[in-house]
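Notes for the one structure printed next.
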Amino acid sequence: MAKESTTIDVGEPSTVTKSSSHVVVDEKQKKGIVAAAAGGGYKRGLAIFDFLLRLAAIGITIGASSVMFTAEETLPFFTQFLQFQAGYDDFPTFQFFVISIAIVASYLVLSLPFSIVTIVRPLAVAPRLILLISDTMVLTLTTAAAAAAAAIVYLAHNGNSNTNWLPICQQFGDFCQATSTAVVAASISVVFFILLIVISAVALKRH
Amino acid sequence: MKNESTFIDVPADSSSAMKGKAPLIGVAKDHTASGSGGYNRGLSVFDFLLRLAAIVAASVAAGTMFTSDETLPFFTQFLQFQAGYDDLPTFQFFVIAMSLVSGYIVLSLPISVVAIVRPLAAAPRLLLLVLDTAVMGLTMAAASSAAAISYVAHNGNQNTNWLPICQQFGDFCQKTSGAVVSSFVAVVFFMILVVLSGVALKRH
């Protein structure tokens, strides 16, 4: 084909032209930054909420573990043969509860740096995915501890006539109250964990 | 400053080579989209298969616990020598919860199929992830509370004078323990499902 010649004759760039092109690039960069900040801002808000939830969950799990740990009661009367003391270590399930809720509390403390990373870098995927996976595992551990302890607490409150298991709460009122409080606190932390997982999932979702 | 004029004189008819270049870029884009869609589709198929396995695990757990009755061959006028799941409220909760879980997984199968057909859609996956997390919590609660009661039934508790009933009701204890193990398997399946949904959400 007939190729017409192309003459590109760029003159000496004036400062005006230079600054205008710089502005164009700046606008484009600005648009990119705004777009990133808009998606990043939304995710940053989620990350901050995630961090606050973790702090609340730390408080609650430490509270649950320590309440169960200190749930001892000694009845004011005694005989030579019968035991009138109740403590968390009389029940293997409560021992499991104290140990696993303590593990959960330390996991939460260790996961705080990851949460801070997601605040600082809201568009990073790896920390969120790590948090999602480890939160899922810790959720199952917390639920296991809370539910097992709840079953034993229910048994202690109501007993079971078919198996002749007597309700011990009728004698050990304070002990039962403390253990019930610990179970309720652990259940609240389960709800927090579910929220944390949902937040991580929503933040992982790309727009 | 000196403002010199700028001439840019582009030929009127662009060459066919330049024309032909543009669509290729579009084709390249399509290729990458279907690439990540294929990976997501693989995850969705695995998710569907895991759900089928979880249905089996959950319904086996519920069924085994439901039919775990045992009557001892001897009897007296006053004592009860029957054991069934409805003698223990925790086991009742277990049966109801595992049945609910099996029903939920069956109902979530269509959503999983949608995720296979549309591998890049985020809404079904996010919905599945949220529901799976909640149901996983329910399953784990049922499983571990039944495990705690099974433990007491096997070992008793000296401090509270709770006698281990498994020494008389061997079959009952065996079936309930099997049901508990099956429900823990269902929990593991759920964990994998949640992580799968999270990974698939990440890749778009």
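Lettering and numbering for the structure tokens are positional, with chains as A, B, ... in the shown order, residues counted from 1 in each chain, and ligands counted from 1 in the shown order.
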Contacts of Leu155 in chain A at 8 Å (only C-alpha atoms; same-chain gap of 4+ positions) as a list of chain:residue names: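 Counting only C-alpha atoms, the residues come to A:Ala151, A:Gly159, A:Asn160, A:Trp165, A:Pro167.
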DSSP alpha helix (DSSP H) residues within range 101-187 of chain B, listed as JSON, numbers by chain: {"B": [101, 102, 103, 104, 105, 106, 107, 108, 109, 110, 111, 112, 113, 114, 115, 116, 117, 123, 124, 125, 126, 127, 128, 129, 130, 131, 132, 133, 134, 135, 136, 137, 138, 139, 140, 141, 142, 143, 144, 145, 146, 147, 148, 149, 150, 151, 152, 153, 154, 155, 170, 171, 172, 173, 174, 175, 176, 177, 178, 179, 180, 181, 182, 183, 184, 185, 186, 187]}
Polymer residues at most 12 Å from Pro92 in chain A, only C-alpha atoms, same-chain spacing of 2 or more positions, as a PyMOL selection string: (chain A and resi 87-90+94-99+145+148-149+152) or (chain B and resi 147-149+151-152+155-159)
Hey, can you spit out that residue selection with N, CA, C and O atoms as a compact mmCIF listing (two decimals), in the first residue's frame?
# COMPACT_ATOMS: atom_id res chain seq x y z
N GLY A 87 -13.92 -29.14 92.33
CA GLY A 87 -13.02 -28.25 91.59
C GLY A 87 -13.02 -28.67 90.14
O GLY A 87 -13.56 -29.71 89.77
N TYR A 88 -12.41 -27.84 89.31
CA TYR A 88 -12.45 -28.15 87.88
C TYR A 88 -11.69 -29.43 87.57
O TYR A 88 -11.99 -30.12 86.61
N ASP A 89 -10.72 -29.77 88.41
CA ASP A 89 -9.92 -30.96 88.08
C ASP A 89 -10.60 -32.25 88.51
O ASP A 89 -10.03 -33.32 88.36
N ASP A 90 -11.83 -32.14 89.04
CA ASP A 90 -12.57 -33.36 89.31
C ASP A 90 -13.23 -33.88 88.05
O ASP A 90 -13.77 -35.00 88.05
N PHE A 94 -13.79 -30.64 82.23
CA PHE A 94 -13.45 -29.27 82.61
C PHE A 94 -11.95 -29.03 82.49
O PHE A 94 -11.52 -27.92 82.17
N GLN A 95 -11.16 -30.06 82.74
CA GLN A 95 -9.72 -29.91 82.52
C GLN A 95 -9.45 -29.61 81.05
O GLN A 95 -8.68 -28.70 80.70
N PHE A 96 -10.11 -30.39 80.17
CA PHE A 96 -9.98 -30.14 78.74
C PHE A 96 -10.42 -28.72 78.41
O PHE A 96 -9.80 -28.03 77.60
N PHE A 97 -11.50 -28.27 79.04
CA PHE A 97 -12.01 -26.93 78.80
C PHE A 97 -10.96 -25.87 79.13
O PHE A 97 -10.65 -24.99 78.32
N VAL A 98 -10.38 -25.96 80.33
CA VAL A 98 -9.43 -24.94 80.76
C VAL A 98 -8.23 -24.91 79.82
O VAL A 98 -7.81 -23.84 79.35
N ILE A 99 -7.72 -26.10 79.49
CA ILE A 99 -6.52 -26.15 78.65
C ILE A 99 -6.81 -25.62 77.25
O ILE A 99 -6.06 -24.79 76.70
N ALA A 145 -14.75 -27.55 73.21
CA ALA A 145 -14.59 -27.33 74.64
C ALA A 145 -15.87 -26.81 75.26
O ALA A 145 -16.33 -27.29 76.31
N ALA A 148 -18.74 -29.59 75.20
CA ALA A 148 -18.51 -30.69 76.15
C ALA A 148 -18.74 -30.21 77.57
O ALA A 148 -19.38 -30.89 78.39
N ALA A 149 -18.20 -29.03 77.91
CA ALA A 149 -18.41 -28.50 79.26
C ALA A 149 -19.88 -28.21 79.50
O ALA A 149 -20.39 -28.42 80.61
N ILE A 152 -21.63 -31.42 80.47
CA ILE A 152 -21.36 -31.82 81.84
C ILE A 152 -22.08 -30.90 82.82
O ILE A 152 -22.61 -31.33 83.85
N ALA B 147 -19.72 -36.57 73.01
CA ALA B 147 -18.46 -37.21 73.40
C ALA B 147 -18.22 -37.09 74.89
O ALA B 147 -17.74 -38.04 75.53
N ALA B 148 -18.56 -35.91 75.46
CA ALA B 148 -18.37 -35.74 76.90
C ALA B 148 -19.26 -36.71 77.68
O ALA B 148 -18.81 -37.33 78.66
N ILE B 149 -20.52 -36.87 77.23
CA ILE B 149 -21.42 -37.78 77.92
C ILE B 149 -20.96 -39.22 77.72
O ILE B 149 -21.01 -40.04 78.66
N TYR B 151 -17.95 -40.17 77.39
CA TYR B 151 -16.78 -40.36 78.26
C TYR B 151 -17.22 -40.66 79.68
O TYR B 151 -16.68 -41.56 80.33
N VAL B 152 -18.22 -39.89 80.16
CA VAL B 152 -18.70 -40.15 81.51
C VAL B 152 -19.35 -41.52 81.59
O VAL B 152 -19.19 -42.26 82.58
N ASN B 155 -16.37 -44.04 81.67
CA ASN B 155 -15.45 -44.02 82.79
C ASN B 155 -16.09 -43.66 84.11
O ASN B 155 -15.51 -43.91 85.16
N GLY B 156 -17.28 -43.06 84.09
CA GLY B 156 -17.88 -42.62 85.33
C GLY B 156 -17.12 -41.44 85.91
O GLY B 156 -16.21 -40.88 85.31
N ASN B 157 -17.50 -41.05 87.11
CA ASN B 157 -16.81 -39.97 87.79
C ASN B 157 -16.87 -40.24 89.28
O ASN B 157 -17.94 -40.26 89.87
N GLN B 158 -15.71 -40.47 89.85
CA GLN B 158 -15.68 -40.86 91.25
C GLN B 158 -16.13 -39.73 92.15
O GLN B 158 -16.76 -39.94 93.18
N ASN B 159 -15.76 -38.51 91.77
CA ASN B 159 -16.01 -37.39 92.67
C ASN B 159 -17.49 -37.10 92.81
O ASN B 159 -17.94 -36.59 93.82
Nearest to chain A, chosen from B:Ser150, B:Ser99, B:Thr90, B:Ser108, with only C-alpha atoms counted in the distances: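 Looking at the shortest contact to chain A, the residue is B:Thr90.
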Residue with smallest distance to chain A - pool B:Asp87, B:Asp132, B:Asp69, B:Asp171, counting only C-alpha atoms: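 The shortest atom-to-atom distance to chain A comes from B:Asp87.
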Taking a cut-off of 8 Å and counting only C-alpha atoms, can you build a table that, for each residue of range 95-171 of chain B near range 178-200 of chain B, reports the nearest atom pair and how far apart they are in Å (one decimal), sorted by chain then residue number, as a Markdown table?
| residue | atom | partner | partner_atom | distance |
| --- | --- | --- | --- | --- |
| B:Met98 | CA | B:Ser183 | CA | 7.6 |
| B:Arg125 | CA | B:Ser197 | CA | 5.9 |
| B:Leu126 | CA | B:Ser197 | CA | 7.3 |
| B:Leu128 | CA | B:Ser197 | CA | 7.4 |
| B:Leu129 | CA | B:Val194 | CA | 5.5 |
| B:Asp132 | CA | B:Val194 | CA | 6.3 |
| B:Thr133 | CA | B:Val194 | CA | 6.6 |
| B:Met136 | CA | B:Phe190 | CA | 5.9 |
| B:Thr139 | CA | B:Val187 | CA | 6.3 |
| B:Met140 | CA | B:Val187 | CA | 6.1 |
| B:Ala143 | CA | B:Val180 | CA | 5.7 |
| B:Ser144 | CA | B:Val180 | CA | 7.9 |
| B:Ala146 | CA | B:Val180 | CA | 6.5 |
| B:Ala147 | CA | B:Val180 | CA | 6.2 |
Serialized selection, N, CA and C atoms, as a JSON list (two decimals), in the first residue's frame:
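Output contents, as saved in part_32.json:
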[["chain", "number", "residue", "atom", "x", "y", "z"],
["B", 98, "MET", "N", -27.78, -33.60, 64.26],
["B", 98, "MET", "CA", -27.19, -34.27, 63.11],
["B", 98, "MET", "C", -28.21, -34.44, 61.99],
["B", 125, "ARG", "N", -20.61, -18.89, 46.61],
["B", 125, "ARG", "CA", -19.54, -19.34, 47.47],
["B", 125, "ARG", "C", -19.56, -18.66, 48.83],
["B", 126, "LEU", "N", -19.82, -17.36, 48.82],
["B", 126, "LEU", "CA", -19.84, -16.65, 50.10],
["B", 126, "LEU", "C", -20.99, -17.15, 50.96],
["B", 128, "LEU", "N", -22.35, -20.13, 50.82],
["B", 128, "LEU", "CA", -22.00, -21.46, 51.31],
["B", 128, "LEU", "C", -21.01, -21.37, 52.46],
["B", 129, "LEU", "N", -20.06, -20.45, 52.36],
["B", 129, "LEU", "CA", -19.06, -20.35, 53.42],
["B", 129, "LEU", "C", -19.69, -19.94, 54.73],
["B", 132, "ASP", "N", -21.90, -22.79, 55.98],
["B", 132, "ASP", "CA", -21.09, -23.93, 56.41],
["B", 132, "ASP", "C", -20.44, -23.67, 57.74],
["B", 133, "THR", "N", -19.98, -22.44, 57.96],
["B", 133, "THR", "CA", -19.35, -22.13, 59.23],
["B", 133, "THR", "C", -20.33, -22.29, 60.38],
["B", 136, "MET", "N", -21.11, -25.91, 60.86],
["B", 136, "MET", "CA", -19.98, -26.62, 61.43],
["B", 136, "MET", "C", -19.93, -26.42, 62.93],
["B", 139, "THR", "N", -22.55, -28.74, 64.37],
["B", 139, "THR", "CA", -22.11, -30.13, 64.34],
["B", 139, "THR", "C", -21.09, -30.40, 65.43],
["B", 140, "MET", "N", -20.14, -29.46, 65.56],
["B", 140, "MET", "CA", -19.09, -29.67, 66.55],
["B", 140, "MET", "C", -19.68, -29.64, 67.95],
["B", 143, "ALA", "N", -21.35, -32.98, 68.46],
["B", 143, "ALA", "CA", -20.36, -34.06, 68.55],
["B", 143, "ALA", "C", -19.63, -34.05, 69.88],
["B", 144, "SER", "N", -19.19, -32.86, 70.31],
["B", 144, "SER", "CA", -18.36, -32.85, 71.51],
["B", 144, "SER", "C", -19.18, -33.01, 72.77],
["B", 146, "ALA", "N", -21.88, -34.87, 72.99],
["B", 146, "ALA", "CA", -22.13, -36.31, 73.05],
["B", 146, "ALA", "C", -20.87, -37.06, 73.45],
["B", 147, "ALA", "N", -19.72, -36.57, 73.01],
["B", 147, "ALA", "CA", -18.46, -37.21, 73.40],
["B", 147, "ALA", "C", -18.22, -37.09, 74.89]]
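Residues within 12 Å of Gln168 in chain B, counting only C-alpha atoms and excluding same-chain residues fewer than 6 positions away, are Thr163 of chain A; Glu70, Thr71, Leu72, Pro73, Phe74, Gln80, Phe81, Gln82, Ala83, Ala153, His154 and Gln174 of chain B.
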Could you turn the residues from that selection into a file that holds C-alpha atoms, as an mmCIF file, in the first residue's frame?
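Writing done, so here's out.cif:
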data_model
loop_
_atom_site.group_PDB
_atom_site.id
_atom_site.type_symbol
_atom_site.label_atom_id
_atom_site.label_comp_id
_atom_site.auth_asym_id
_atom_site.auth_seq_id
_atom_site.Cartn_x
_atom_site.Cartn_y
_atom_site.Cartn_z
ATOM 1 C CA THR A 163 -28.430 -43.751 84.714
ATOM 2 C CA GLU B 70 -30.386 -51.882 74.156
ATOM 3 C CA THR B 71 -32.406 -54.007 76.532
ATOM 4 C CA LEU B 72 -30.585 -56.212 78.951
ATOM 5 C CA PRO B 73 -31.728 -59.854 79.040
ATOM 6 C CA PHE B 74 -32.610 -59.758 82.777
ATOM 7 C CA GLN B 80 -34.731 -50.070 84.413
ATOM 8 C CA PHE B 81 -32.570 -52.177 82.180
ATOM 9 C CA GLN B 82 -33.143 -50.389 78.956
ATOM 10 C CA ALA B 83 -30.941 -47.753 77.463
ATOM 11 C CA ALA B 153 -20.703 -43.224 80.544
ATOM 12 C CA HIS B 154 -17.502 -45.154 79.836
ATOM 13 C CA GLN B 174 -20.490 -49.008 71.343
#
Residue neighbourhood Thr140 in chain A, 7 Å, only C-alpha atoms, exclusion window fewer than 3 positions, as a VMD selection string: (chain A and resid 136 to 137 143 to 144) or (chain B and resid 137 140)
Selection: 10 Å around Leu112 in chain A, only C-alpha atoms, excl. self and same-chain fewer than 2 positions, as a PyMOL selection string: chain A and resi 50-52+54-55+58+107-110+114-118+131
How would the residues just chosen look if you wrote them out with N, CA and C atoms as a PDB file, in the first residue's frame?
ATOM      1  N   ASP A  50     -12.263  -6.598  62.541  1.00  0.00           N
ATOM      2  CA  ASP A  50     -11.660  -7.903  62.855  1.00  0.00           C
ATOM      3  C   ASP A  50     -10.714  -7.781  64.045  1.00  0.00           C
ATOM      4  N   PHE A  51      -9.861  -6.752  64.039  1.00  0.00           N
ATOM      5  CA  PHE A  51      -8.907  -6.564  65.127  1.00  0.00           C
ATOM      6  C   PHE A  51      -9.630  -6.339  66.452  1.00  0.00           C
ATOM      7  N   LEU A  52     -10.654  -5.512  66.426  1.00  0.00           N
ATOM      8  CA  LEU A  52     -11.395  -5.235  67.666  1.00  0.00           C
ATOM      9  C   LEU A  52     -12.096  -6.487  68.171  1.00  0.00           C
ATOM     10  N   ARG A  54     -11.078  -9.484  67.741  1.00  0.00           N
ATOM     11  CA  ARG A  54     -10.063 -10.339  68.333  1.00  0.00           C
ATOM     12  C   ARG A  54      -9.731  -9.898  69.751  1.00  0.00           C
ATOM     13  N   LEU A  55      -9.618  -8.597  69.957  1.00  0.00           N
ATOM     14  CA  LEU A  55      -9.336  -8.122  71.312  1.00  0.00           C
ATOM     15  C   LEU A  55     -10.454  -8.535  72.265  1.00  0.00           C
ATOM     16  N   ILE A  58     -10.173 -12.199  72.991  1.00  0.00           N
ATOM     17  CA  ILE A  58      -9.089 -12.493  73.934  1.00  0.00           C
ATOM     18  C   ILE A  58      -9.596 -12.302  75.354  1.00  0.00           C
ATOM     19  N   TYR A 107      -3.657 -18.368  70.996  1.00  0.00           N
ATOM     20  CA  TYR A 107      -3.730 -18.277  69.534  1.00  0.00           C
ATOM     21  C   TYR A 107      -4.200 -16.893  69.123  1.00  0.00           C
ATOM     22  N   LEU A 108      -5.222 -16.377  69.823  1.00  0.00           N
ATOM     23  CA  LEU A 108      -5.754 -15.066  69.461  1.00  0.00           C
ATOM     24  C   LEU A 108      -4.688 -13.987  69.622  1.00  0.00           C
ATOM     25  N   VAL A 109      -3.916 -14.077  70.708  1.00  0.00           N
ATOM     26  CA  VAL A 109      -2.860 -13.092  70.904  1.00  0.00           C
ATOM     27  C   VAL A 109      -1.838 -13.189  69.769  1.00  0.00           C
ATOM     28  N   LEU A 110      -1.503 -14.427  69.361  1.00  0.00           N
ATOM     29  CA  LEU A 110      -0.531 -14.592  68.284  1.00  0.00           C
ATOM     30  C   LEU A 110      -1.081 -14.148  66.939  1.00  0.00           C
ATOM     31  N   PHE A 114      -1.078 -10.661  62.536  1.00  0.00           N
ATOM     32  CA  PHE A 114      -1.654 -10.894  61.218  1.00  0.00           C
ATOM     33  C   PHE A 114      -2.803  -9.946  60.961  1.00  0.00           C
ATOM     34  N   SER A 115      -3.595  -9.714  62.013  1.00  0.00           N
ATOM     35  CA  SER A 115      -4.717  -8.795  61.861  1.00  0.00           C
ATOM     36  C   SER A 115      -4.220  -7.388  61.578  1.00  0.00           C
ATOM     37  N   ILE A 116      -3.131  -6.985  62.237  1.00  0.00           N
ATOM     38  CA  ILE A 116      -2.577  -5.651  62.010  1.00  0.00           C
ATOM     39  C   ILE A 116      -2.059  -5.557  60.578  1.00  0.00           C
ATOM     40  N   VAL A 117      -1.455  -6.638  60.080  1.00  0.00           N
ATOM     41  CA  VAL A 117      -0.973  -6.630  58.702  1.00  0.00           C
ATOM     42  C   VAL A 117      -2.126  -6.414  57.731  1.00  0.00           C
ATOM     43  N   THR A 118      -3.288  -7.040  58.000  1.00  0.00           N
ATOM     44  CA  THR A 118      -4.424  -6.842  57.102  1.00  0.00           C
ATOM     45  C   THR A 118      -4.972  -5.426  57.199  1.00  0.00           C
ATOM     46  N   LEU A 131      -5.473 -16.338  58.239  1.00  0.00           N
ATOM     47  CA  LEU A 131      -6.365 -16.110  59.373  1.00  0.00           C
ATOM     48  C   LEU A 131      -7.634 -16.933  59.223  1.00  0.00           C
TER      49      LEU A 131
END
DSSP-assigned strand (DSSP E) members of range 40-189 of chain A, reported as a list in words: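 Here is the list: Glu73, Thr74, Gln85 and Ala86 of chain A.
Restricting the calculation to only C-alpha atoms, the smallest distance between Ser111 in chain A and any of A:Ala57, A:Val191, A:Leu123, A:Ala64 is found for A:Ala57.
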Leu53 in chain A surroundings by only C-alpha atoms, 10 Å radius, close-in-sequence under 6 positions cut, as a VMD selection string: chain A and resid 47 59 189 192 to 193 195 to 196
Grab the residues selected above and save them as a PDB file, in the first residue's frame with N, CA and C atoms.
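What ended up in part37.pdb:
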ATOM      1  N   ALA A  47     -10.973  -4.919  58.389  1.00  0.00           N
ATOM      2  CA  ALA A  47      -9.804  -5.399  59.127  1.00  0.00           C
ATOM      3  C   ALA A  47      -9.770  -4.801  60.524  1.00  0.00           C
ATOM      4  N   GLY A  59     -10.258 -11.164  75.586  1.00  0.00           N
ATOM      5  CA  GLY A  59     -10.768 -10.892  76.924  1.00  0.00           C
ATOM      6  C   GLY A  59     -11.718 -11.969  77.404  1.00  0.00           C
ATOM      7  N   SER A 189     -17.564 -16.540  72.845  1.00  0.00           N
ATOM      8  CA  SER A 189     -16.360 -16.479  72.021  1.00  0.00           C
ATOM      9  C   SER A 189     -16.539 -17.284  70.740  1.00  0.00           C
ATOM     10  N   PHE A 192     -18.075 -14.985  68.361  1.00  0.00           N
ATOM     11  CA  PHE A 192     -17.058 -14.061  67.849  1.00  0.00           C
ATOM     12  C   PHE A 192     -16.243 -14.715  66.736  1.00  0.00           C
ATOM     13  N   PHE A 193     -15.877 -15.979  66.935  1.00  0.00           N
ATOM     14  CA  PHE A 193     -15.082 -16.657  65.930  1.00  0.00           C
ATOM     15  C   PHE A 193     -15.833 -16.803  64.619  1.00  0.00           C
ATOM     16  N   LEU A 195     -18.064 -14.776  63.527  1.00  0.00           N
ATOM     17  CA  LEU A 195     -18.022 -13.450  62.907  1.00  0.00           C
ATOM     18  C   LEU A 195     -16.667 -13.190  62.254  1.00  0.00           C
ATOM     19  N   LEU A 196     -15.592 -13.590  62.930  1.00  0.00           N
ATOM     20  CA  LEU A 196     -14.259 -13.360  62.391  1.00  0.00           C
ATOM     21  C   LEU A 196     -14.080 -14.090  61.064  1.00  0.00           C
TER      22      LEU A 196
END
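Distances from B:Ser177, B:Ser145, B:Ser102, B:Gln167 to chain A were compared using only C-alpha atoms, and the smallest one belongs to B:Ser145.
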A:Val138, A:Ile103, A:Val198, A:Ala182 ranked by distance to chain B, top pick (using only C-alpha atoms):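 For chain B, the nearest of the given residues is A:Val198.
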Among listed residues A:Ala102, A:Lys205, A:Arg121, A:Val153, nearest Phe69 in chain A (using only C-alpha atoms):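 Counting only C-alpha atoms, the residue closest to Phe69 in chain A is A:Ala102.
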